[in-house]
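A.B. asks: Sharing a structure below in structure tokens format, with a few things to ask.
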Amino acid sequence: MLIDDMTIEQLLELNEIICERIDYLRAKQDQNVLAQMHIGNQVSFN
């Protein structure tokens with residue numbers, strides 16, 4: 001299906017699916033970073 005042929009409702013549904021997937025992947029990435037941290041590690045925040 002071409003994105004140009006999708007209705008607003010279909011696009012909104014697709015957007016929600018994509019946003020959920022992005023959130024999941026970011027959370028997974030955060031968990032991986034946190035798993036590598038140990039007491040005594042030097043950290044910084046931006």
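Residues are named by chain letter and number: chains run A, B, ... in the order of the structure tokens, numbers start at 1 in each chain, and ligands are numbered from 1 in the order shown.
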Apply DSSP to the structure's backbone, then extract all residues of chain A labelled helix (DSSP H, G or I) and return them as a ChimeraX atom specification.
C.D. replies: /A:3-5,8-35
A.B. asks: Based on the selection just made, write C-alpha atoms of those residues as a PDB file, in the first residue's frame.
C.D. replies:
ATOM      1  CA  ILE A   3       1.380   6.102   1.726  1.00  0.00           C
ATOM      2  CA  ASP A   4      -0.187   8.496  -0.787  1.00  0.00           C
ATOM      3  CA  ASP A   5      -3.230   6.218  -0.999  1.00  0.00           C
ATOM      4  CA  ILE A   8      -6.091  10.132   7.498  1.00  0.00           C
ATOM      5  CA  GLU A   9      -7.339   7.392   9.824  1.00  0.00           C
ATOM      6  CA  GLN A  10      -4.890   4.877   8.369  1.00  0.00           C
ATOM      7  CA  LEU A  11      -2.034   7.365   8.627  1.00  0.00           C
ATOM      8  CA  LEU A  12      -2.880   8.112  12.257  1.00  0.00           C
ATOM      9  CA  GLU A  13      -2.964   4.406  13.068  1.00  0.00           C
ATOM     10  CA  LEU A  14       0.367   3.876  11.334  1.00  0.00           C
ATOM     11  CA  ASN A  15       1.818   6.848  13.209  1.00  0.00           C
ATOM     12  CA  GLU A  16       0.733   5.338  16.523  1.00  0.00           C
ATOM     13  CA  ILE A  17       2.332   2.000  15.644  1.00  0.00           C
ATOM     14  CA  ILE A  18       5.569   3.725  14.629  1.00  0.00           C
ATOM     15  CA  CYS A  19       5.658   5.863  17.789  1.00  0.00           C
ATOM     16  CA  GLU A  20       5.101   2.798  19.986  1.00  0.00           C
ATOM     17  CA  ARG A  21       7.940   0.986  18.209  1.00  0.00           C
ATOM     18  CA  ILE A  22      10.271   3.979  18.646  1.00  0.00           C
ATOM     19  CA  ASP A  23       9.405   4.178  22.353  1.00  0.00           C
ATOM     20  CA  TYR A  24      10.074   0.447  22.744  1.00  0.00           C
ATOM     21  CA  LEU A  25      13.438   0.631  20.984  1.00  0.00           C
ATOM     22  CA  ARG A  26      14.523   3.677  23.011  1.00  0.00           C
ATOM     23  CA  ALA A  27      13.547   1.968  26.280  1.00  0.00           C
ATOM     24  CA  LYS A  28      15.452  -1.156  25.243  1.00  0.00           C
ATOM     25  CA  GLN A  29      18.492   0.970  24.399  1.00  0.00           C
ATOM     26  CA  ASP A  30      18.256   2.745  27.779  1.00  0.00           C
ATOM     27  CA  GLN A  31      18.074  -0.615  29.566  1.00  0.00           C
ATOM     28  CA  ASN A  32      21.197  -1.802  27.756  1.00  0.00           C
ATOM     29  CA  VAL A  33      23.107   1.328  28.780  1.00  0.00           C
ATOM     30  CA  LEU A  34      21.956   1.024  32.386  1.00  0.00           C
ATOM     31  CA  ALA A  35      22.956  -2.646  32.486  1.00  0.00           C
TER      32      ALA A  35
END
